[in-house]
>>> print(open('work.pdb').read())   # PDB, C-alpha atoms, pLDDT in the B column
ATOM      1  CA  ARG A   1       0.000   0.000   0.000  1.00 61.00           C
ATOM      2  CA  LEU A   2       1.343   3.392  -0.957  1.00 65.00           C
ATOM      3  CA  PRO A   3       1.392   6.122   1.687  1.00 69.00           C
ATOM      4  CA  SER A   4      -0.974   9.054   1.458  1.00 73.00           C
ATOM      5  CA  PRO A   5       0.641  12.242   0.072  1.00 70.00           C
ATOM      6  CA  SER A   6      -0.308  13.897   3.375  1.00 77.00           C
ATOM      7  CA  SER A   7       1.510  11.274   5.545  1.00 91.00           C
ATOM      8  CA  TYR A   8       4.516  12.445   7.536  1.00 94.00           C
ATOM      9  CA  ASP A   9       7.424  10.513   9.040  1.00 95.00           C
ATOM     10  CA  GLN A  10       6.038  11.148  12.534  1.00 94.00           C
ATOM     11  CA  TYR A  11       7.653   8.099  14.203  1.00 95.00           C
ATOM     12  CA  ASN A  12      11.191   8.797  12.982  1.00 95.00           C
ATOM     13  CA  PRO A  13      13.651   8.520  15.886  1.00 95.00           C
ATOM     14  CA  GLU A  14      15.312  11.736  14.660  1.00 95.00           C
ATOM     15  CA  PRO A  15      13.002  14.640  15.677  1.00 96.00           C
ATOM     16  CA  ARG A  16      14.052  16.924  12.786  1.00 96.00           C
ATOM     17  CA  LEU A  17      12.827  14.319  10.242  1.00 95.00           C
ATOM     18  CA  ARG A  18       9.330  13.882  11.713  1.00 95.00           C
ATOM     19  CA  THR A  19       7.829  16.612   9.518  1.00 94.00           C
ATOM     20  CA  ARG A  20       9.080  15.225   6.174  1.00 94.00           C
ATOM     21  CA  PRO A  21       6.527  13.592   3.855  1.00 94.00           C
ATOM     22  CA  VAL A  22       6.683   9.783   3.774  1.00 93.00           C
ATOM     23  CA  LEU A  23       5.987   9.632   0.045  1.00 90.00           C
ATOM     24  CA  GLY A  24       9.324   9.557  -1.761  1.00 89.00           C
ATOM     25  CA  ILE A  25      11.690   8.780   1.136  1.00 93.00           C
ATOM     26  CA  THR A  26      14.339   6.082   0.753  1.00 94.00           C
ATOM     27  CA  ILE A  27      13.319   2.984   2.704  1.00 93.00           C
ATOM     28  CA  PHE A  28      16.034   0.526   1.566  1.00 94.00           C
ATOM     29  CA  THR A  29      19.673   1.246   2.479  1.00 95.00           C
ATOM     30  CA  SER A  30      22.963  -0.688   2.490  1.00 95.00           C
ATOM     31  CA  VAL A  31      21.552  -3.061  -0.132  1.00 94.00           C
ATOM     32  CA  ARG A  32      23.911  -5.677  -1.530  1.00 96.00           C
ATOM     33  CA  ARG A  33      23.524  -8.738  -3.768  1.00 95.00           C
ATOM     34  CA  ALA A  34      22.617 -12.003  -2.025  1.00 94.00           C
ATOM     35  CA  GLY A  35      22.332 -14.840  -4.514  1.00 89.00           C
ATOM     36  CA  MET A  36      21.141 -14.921  -8.097  1.00 90.00           C
ATOM     37  CA  ASN A  37      17.851 -13.064  -7.639  1.00 90.00           C
ATOM     38  CA  GLY A  38      18.093 -11.576  -4.160  1.00 95.00           C
ATOM     39  CA  TRP A  39      19.432  -8.686  -2.117  1.00 96.00           C
ATOM     40  CA  LYS A  40      20.060  -7.984   1.564  1.00 95.00           C
ATOM     41  CA  GLY A  41      20.101  -4.670   3.367  1.00 95.00           C
ATOM     42  CA  ASN A  42      18.185  -2.492   5.797  1.00 94.00           C
ATOM     43  CA  MET A  43      14.587  -1.365   5.508  1.00 94.00           C
ATOM     44  CA  TYR A  44      13.157   1.672   7.272  1.00 94.00           C
ATOM     45  CA  VAL A  45       9.460   1.297   8.175  1.00 92.00           C
ATOM     46  CA  PRO A  46       7.848   4.751   8.571  1.00 93.00           C
ATOM     47  CA  GLU A  47       4.787   3.305  10.342  1.00 91.00           C
ATOM     48  CA  SER A  48       6.983   2.330  13.319  1.00 91.00           C
ATOM     49  CA  GLY A  49      10.123   4.448  12.916  1.00 94.00           C
ATOM     50  CA  TYR A  50      12.287   1.314  13.096  1.00 92.00           C
ATOM     51  CA  THR A  51      14.911  -0.003  10.686  1.00 92.00           C
ATOM     52  CA  TYR A  52      15.018  -3.764  10.147  1.00 91.00           C
ATOM     53  CA  VAL A  53      17.372  -6.218   8.457  1.00 90.00           C
ATOM     54  CA  SER A  54      15.693  -7.074   5.179  1.00 94.00           C
ATOM     55  CA  ARG A  55      15.907  -9.515   2.290  1.00 94.00           C
ATOM     56  CA  LEU A  56      14.447  -8.919  -1.170  1.00 95.00           C
ATOM     57  CA  ILE A  57      13.842 -11.762  -3.603  1.00 96.00           C
ATOM     58  CA  SER A  58      12.691 -11.264  -7.184  1.00 94.00           C
ATOM     59  CA  VAL A  59       9.625 -13.459  -7.704  1.00 94.00           C
ATOM     60  CA  ASP A  60       8.985 -12.404 -11.318  1.00 94.00           C
ATOM     61  CA  PRO A  61       9.362  -9.172 -13.352  1.00 92.00           C
ATOM     62  CA  THR A  62       6.517  -7.441 -11.475  1.00 95.00           C
ATOM     63  CA  HIS A  63       6.783  -8.880  -7.940  1.00 96.00           C
ATOM     64  CA  ILE A  64       9.346  -9.004  -5.144  1.00 95.00           C
ATOM     65  CA  LYS A  65       9.153 -10.819  -1.834  1.00 96.00           C
ATOM     66  CA  VAL A  66      10.188  -8.498   1.003  1.00 96.00           C
ATOM     67  CA  SER A  67      11.187 -10.083   4.321  1.00 94.00           C
ATOM     68  CA  ILE A  68      12.139  -8.198   7.479  1.00 91.00           C
ATOM     69  CA  CYS A  69      13.441  -9.565  10.768  1.00 86.00           C
ATOM     70  CA  GLY A  70      13.882  -8.086  14.205  1.00 78.00           C
ATOM     71  CA  PRO A  71      17.040  -8.304  16.334  1.00 75.00           C
ATOM     72  CA  MET A  72      19.113 -11.474  15.913  1.00 71.00           C
ATOM     73  CA  GLY A  73      16.813 -12.716  13.124  1.00 69.00           C
ATOM     74  CA  PHE A  74      13.738 -13.219  15.304  1.00 74.00           C
ATOM     75  CA  PHE A  75      10.163 -12.147  14.532  1.00 83.00           C
ATOM     76  CA  CYS A  76      10.388 -12.282  10.758  1.00 88.00           C
ATOM     77  CA  ASN A  77       7.595 -11.215   8.419  1.00 91.00           C
ATOM     78  CA  SER A  78       7.287 -11.422   4.620  1.00 94.00           C
ATOM     79  CA  GLU A  79       5.091  -9.784   1.984  1.00 94.00           C
ATOM     80  CA  VAL A  80       4.969  -9.883  -1.810  1.00 96.00           C
ATOM     81  CA  TRP A  81       5.039  -6.409  -3.347  1.00 93.00           C
ATOM     82  CA  THR A  82       3.766  -5.510  -6.823  1.00 94.00           C
ATOM     83  CA  ARG A  83       5.557  -3.043  -9.063  1.00 86.00           C
ATOM     84  CA  THR A  84       3.517   0.157  -9.549  1.00 81.00           C
ATOM     85  CA  ARG A  85       5.217   1.522 -12.644  1.00 75.00           C
TER      86      ARG A  85
END
>>> encode(input="work.pdb", output="structure tokens")
Amino acid sequence: RLPSPSSYDQYNPEPRLRTRPVLGITIFTSVRRAGMNGWKGNMYVPESGYTYVSRLISVDPTHIKVSICGPMGFFCNSEVWTRTR
């Protein structure tokens, strides 16, 4: 789901960034190749203000599987995202 154009980064741990619009911010950082069709890196989640270790796997040309895990690899969650353009 795409954020509303009127959504702000209100949960950011850095107070000066809490007034920036969520739409258009970089959520994946430190991304590096991990296998033939995958990547690893960090993912910032504006809804919580937390950054998680993430893994991206290309499912097909229009879908990627996004997985995030909490500290030490516990509490993992995955979703399949669809390309919007």
>>> residues_around(input="work.pdb", residues="Ser48 in chain A", least_positions_apart="3", cutoff="8 Å", atoms="only C-alpha atoms", output="MDAnalysis selection string")
chainID A and resid 11:12 45
>>> residues_around(input="work.pdb", residues="Ile68 in chain A", least_positions_apart="5", cutoff="8 Å", atoms="all atoms listed in the file", output="PDB file with C-alpha atoms, keeping the file's coordinate frame")
ATOM      1  CA  MET A  43      14.587  -1.365   5.508  1.00 94.00           C
ATOM      2  CA  TYR A  52      15.018  -3.764  10.147  1.00 91.00           C
ATOM      3  CA  VAL A  53      17.372  -6.218   8.457  1.00 90.00           C
ATOM      4  CA  SER A  54      15.693  -7.074   5.179  1.00 94.00           C
ATOM      5  CA  ARG A  55      15.907  -9.515   2.290  1.00 94.00           C
ATOM      6  CA  CYS A  76      10.388 -12.282  10.758  1.00 88.00           C
ATOM      7  CA  ASN A  77       7.595 -11.215   8.419  1.00 91.00           C
ATOM      8  CA  SER A  78       7.287 -11.422   4.620  1.00 94.00           C
TER       9      SER A  78
END
>>> residues_around(input="work.pdb", residues="Met36 in chain A", least_positions_apart="3", cutoff="12 Å", atoms="all atoms listed in the file", output="PyMOL selection string")
chain A and resi 32-33+39-40+56-59
>>> write_last_selection(input="work.pdb", atoms="C-alpha atoms", output="mmCIF file, in the frame of the given file")
data_model
loop_
_atom_site.group_PDB
_atom_site.id
_atom_site.type_symbol
_atom_site.label_atom_id
_atom_site.label_comp_id
_atom_site.auth_asym_id
_atom_site.auth_seq_id
_atom_site.Cartn_x
_atom_site.Cartn_y
_atom_site.Cartn_z
ATOM 1 C CA ARG A 32 23.911 -5.677 -1.530
ATOM 2 C CA ARG A 33 23.524 -8.738 -3.768
ATOM 3 C CA TRP A 39 19.432 -8.686 -2.117
ATOM 4 C CA LYS A 40 20.060 -7.984 1.564
ATOM 5 C CA LEU A 56 14.447 -8.919 -1.170
ATOM 6 C CA ILE A 57 13.842 -11.762 -3.603
ATOM 7 C CA SER A 58 12.691 -11.264 -7.184
ATOM 8 C CA VAL A 59 9.625 -13.459 -7.704
#
>>> residues_around(input="work.pdb", residues="Arg83 in chain A", least_positions_apart="4", cutoff="10 Å", atoms="all atoms listed in the file", output="MDAnalysis selection string")
chainID A and resid 61:64
>>> atom_distance(input="work.pdb", atom1="CA of Asn37 in chain A", atom2="CA of Val66 in chain A")
12.4 Å
>>> closest_residue(input="work.pdb", among="A:Cys69, A:Gly49, A:Glu79, A:Val31", to="Arg18 in chain A", atoms="all atoms listed in the file")
A:Gly49
>>> atom_distance(input="work.pdb", atom1="CA of Tyr8 in chain A", atom2="CA of Phe74 in chain A")
28.4 Å
>>> residues_around(input="work.pdb", residues="Gln10 in chain A", least_positions_apart="6", cutoff="10 Å", atoms="all atoms listed in the file", output="ChimeraX atom specification")
/A:16-22,46-49
>>> decode(input="work.pdb", residues="range 30-80 of chain A", atoms="N, CA and C atoms", output="short mmCIF file (atom, residue, chain, number, x, y, z; two decimals), in the first residue's frame")
data_model
loop_
_atom_site.label_atom_id
_atom_site.label_comp_id
_atom_site.auth_asym_id
_atom_site.auth_seq_id
_atom_site.Cartn_x
_atom_site.Cartn_y
_atom_site.Cartn_z
N SER A 30 21.90 0.32 2.35
CA SER A 30 22.96 -0.69 2.49
C SER A 30 22.62 -1.99 1.77
N VAL A 31 21.99 -1.88 0.61
CA VAL A 31 21.55 -3.06 -0.13
C VAL A 31 22.72 -3.65 -0.91
N ARG A 32 22.85 -4.97 -0.81
CA ARG A 32 23.91 -5.68 -1.53
C ARG A 32 23.35 -7.00 -2.07
N ARG A 33 23.96 -7.50 -3.11
CA ARG A 33 23.52 -8.74 -3.77
C ARG A 33 23.61 -9.90 -2.79
N ALA A 34 22.63 -10.79 -2.84
CA ALA A 34 22.62 -12.00 -2.02
C ALA A 34 22.01 -13.13 -2.86
N GLY A 35 22.82 -13.77 -3.65
CA GLY A 35 22.33 -14.84 -4.51
C GLY A 35 21.98 -14.34 -5.90
N MET A 36 21.45 -15.23 -6.70
CA MET A 36 21.14 -14.92 -8.10
C MET A 36 20.02 -13.89 -8.26
N ASN A 37 18.98 -13.98 -7.46
CA ASN A 37 17.85 -13.06 -7.64
C ASN A 37 17.45 -12.40 -6.32
N GLY A 38 18.43 -12.16 -5.45
CA GLY A 38 18.09 -11.58 -4.16
C GLY A 38 19.07 -10.50 -3.72
N TRP A 39 18.64 -9.75 -2.71
CA TRP A 39 19.43 -8.69 -2.12
C TRP A 39 19.21 -8.68 -0.62
N LYS A 40 20.18 -8.16 0.12
CA LYS A 40 20.06 -7.98 1.56
C LYS A 40 20.38 -6.53 1.88
N GLY A 41 19.81 -6.04 2.95
CA GLY A 41 20.10 -4.67 3.37
C GLY A 41 19.25 -4.29 4.56
N ASN A 42 19.01 -3.01 4.71
CA ASN A 42 18.19 -2.49 5.80
C ASN A 42 16.94 -1.85 5.22
N MET A 43 15.84 -1.96 5.95
CA MET A 43 14.59 -1.36 5.51
C MET A 43 14.01 -0.51 6.63
N TYR A 44 13.79 0.76 6.33
CA TYR A 44 13.16 1.67 7.27
C TYR A 44 11.64 1.59 7.10
N VAL A 45 10.92 1.41 8.21
CA VAL A 45 9.46 1.30 8.18
C VAL A 45 8.87 2.55 8.84
N PRO A 46 8.36 3.49 8.02
CA PRO A 46 7.85 4.75 8.57
C PRO A 46 6.71 4.58 9.57
N GLU A 47 5.91 3.52 9.43
CA GLU A 47 4.79 3.30 10.34
C GLU A 47 5.23 3.04 11.77
N SER A 48 6.48 2.61 11.97
CA SER A 48 6.98 2.33 13.32
C SER A 48 8.19 3.19 13.69
N GLY A 49 8.90 3.70 12.66
CA GLY A 49 10.12 4.45 12.92
C GLY A 49 11.34 3.56 13.12
N TYR A 50 11.18 2.25 12.91
CA TYR A 50 12.29 1.31 13.10
C TYR A 50 12.92 0.93 11.77
N THR A 51 14.19 0.53 11.83
CA THR A 51 14.91 0.00 10.69
C THR A 51 15.19 -1.47 10.96
N TYR A 52 14.88 -2.32 10.00
CA TYR A 52 15.02 -3.76 10.15
C TYR A 52 15.99 -4.32 9.12
N VAL A 53 16.59 -5.47 9.43
CA VAL A 53 17.37 -6.22 8.46
C VAL A 53 16.37 -6.78 7.47
N SER A 54 16.66 -6.64 6.18
CA SER A 54 15.69 -7.07 5.18
C SER A 54 16.34 -7.93 4.11
N ARG A 55 15.49 -8.70 3.43
CA ARG A 55 15.91 -9.52 2.29
C ARG A 55 14.86 -9.31 1.20
N LEU A 56 15.32 -9.10 -0.01
CA LEU A 56 14.45 -8.92 -1.17
C LEU A 56 14.74 -10.05 -2.14
N ILE A 57 13.68 -10.69 -2.63
CA ILE A 57 13.84 -11.76 -3.60
C ILE A 57 12.92 -11.48 -4.78
N SER A 58 13.48 -11.47 -5.98
CA SER A 58 12.69 -11.26 -7.18
C SER A 58 11.86 -12.51 -7.45
N VAL A 59 10.54 -12.35 -7.45
CA VAL A 59 9.63 -13.46 -7.70
C VAL A 59 9.40 -13.60 -9.21
N ASP A 60 9.16 -12.48 -9.87
CA ASP A 60 8.98 -12.40 -11.32
C ASP A 60 9.20 -10.94 -11.69
N PRO A 61 9.07 -10.56 -12.97
CA PRO A 61 9.36 -9.17 -13.35
C PRO A 61 8.51 -8.10 -12.66
N THR A 62 7.37 -8.46 -12.10
CA THR A 62 6.52 -7.44 -11.48
C THR A 62 6.33 -7.62 -9.97
N HIS A 63 6.96 -8.63 -9.37
CA HIS A 63 6.78 -8.88 -7.94
C HIS A 63 8.11 -9.15 -7.24
N ILE A 64 8.22 -8.65 -6.00
CA ILE A 64 9.35 -9.00 -5.14
C ILE A 64 8.79 -9.45 -3.80
N LYS A 65 9.49 -10.39 -3.19
CA LYS A 65 9.15 -10.82 -1.83
C LYS A 65 10.06 -10.04 -0.89
N VAL A 66 9.46 -9.32 0.04
CA VAL A 66 10.19 -8.50 1.00
C VAL A 66 10.06 -9.16 2.37
N SER A 67 11.19 -9.48 2.99
CA SER A 67 11.19 -10.08 4.32
C SER A 67 11.96 -9.18 5.26
N ILE A 68 11.42 -8.96 6.46
CA ILE A 68 12.14 -8.20 7.48
C ILE A 68 12.19 -9.02 8.76
N CYS A 69 13.27 -8.85 9.51
CA CYS A 69 13.44 -9.57 10.77
C CYS A 69 13.89 -8.59 11.84
N GLY A 70 13.47 -8.88 13.05
CA GLY A 70 13.88 -8.09 14.21
C GLY A 70 15.30 -8.46 14.64
N PRO A 71 15.69 -8.03 15.83
CA PRO A 71 17.04 -8.30 16.33
C PRO A 71 17.37 -9.79 16.33
N MET A 72 18.58 -10.12 15.93
CA MET A 72 19.11 -11.47 15.91
C MET A 72 18.30 -12.43 15.04
N GLY A 73 17.55 -11.89 14.06
CA GLY A 73 16.81 -12.72 13.12
C GLY A 73 15.49 -13.25 13.62
N PHE A 74 15.02 -12.76 14.77
CA PHE A 74 13.74 -13.22 15.30
C PHE A 74 12.60 -12.36 14.78
N PHE A 75 11.38 -12.87 14.90
CA PHE A 75 10.16 -12.15 14.53
C PHE A 75 10.19 -11.67 13.08
N CYS A 76 10.33 -12.61 12.18
CA CYS A 76 10.39 -12.28 10.76
C CYS A 76 8.98 -12.21 10.16
N ASN A 77 8.85 -11.38 9.13
CA ASN A 77 7.60 -11.21 8.42
C ASN A 77 7.91 -11.01 6.94
N SER A 78 7.07 -11.56 6.06
CA SER A 78 7.29 -11.42 4.62
C SER A 78 6.01 -10.97 3.93
N GLU A 79 6.19 -10.23 2.83
CA GLU A 79 5.09 -9.78 1.98
C GLU A 79 5.57 -9.82 0.55
N VAL A 80 4.64 -9.99 -0.39
CA VAL A 80 4.97 -9.88 -1.81
C VAL A 80 4.47 -8.52 -2.28
#
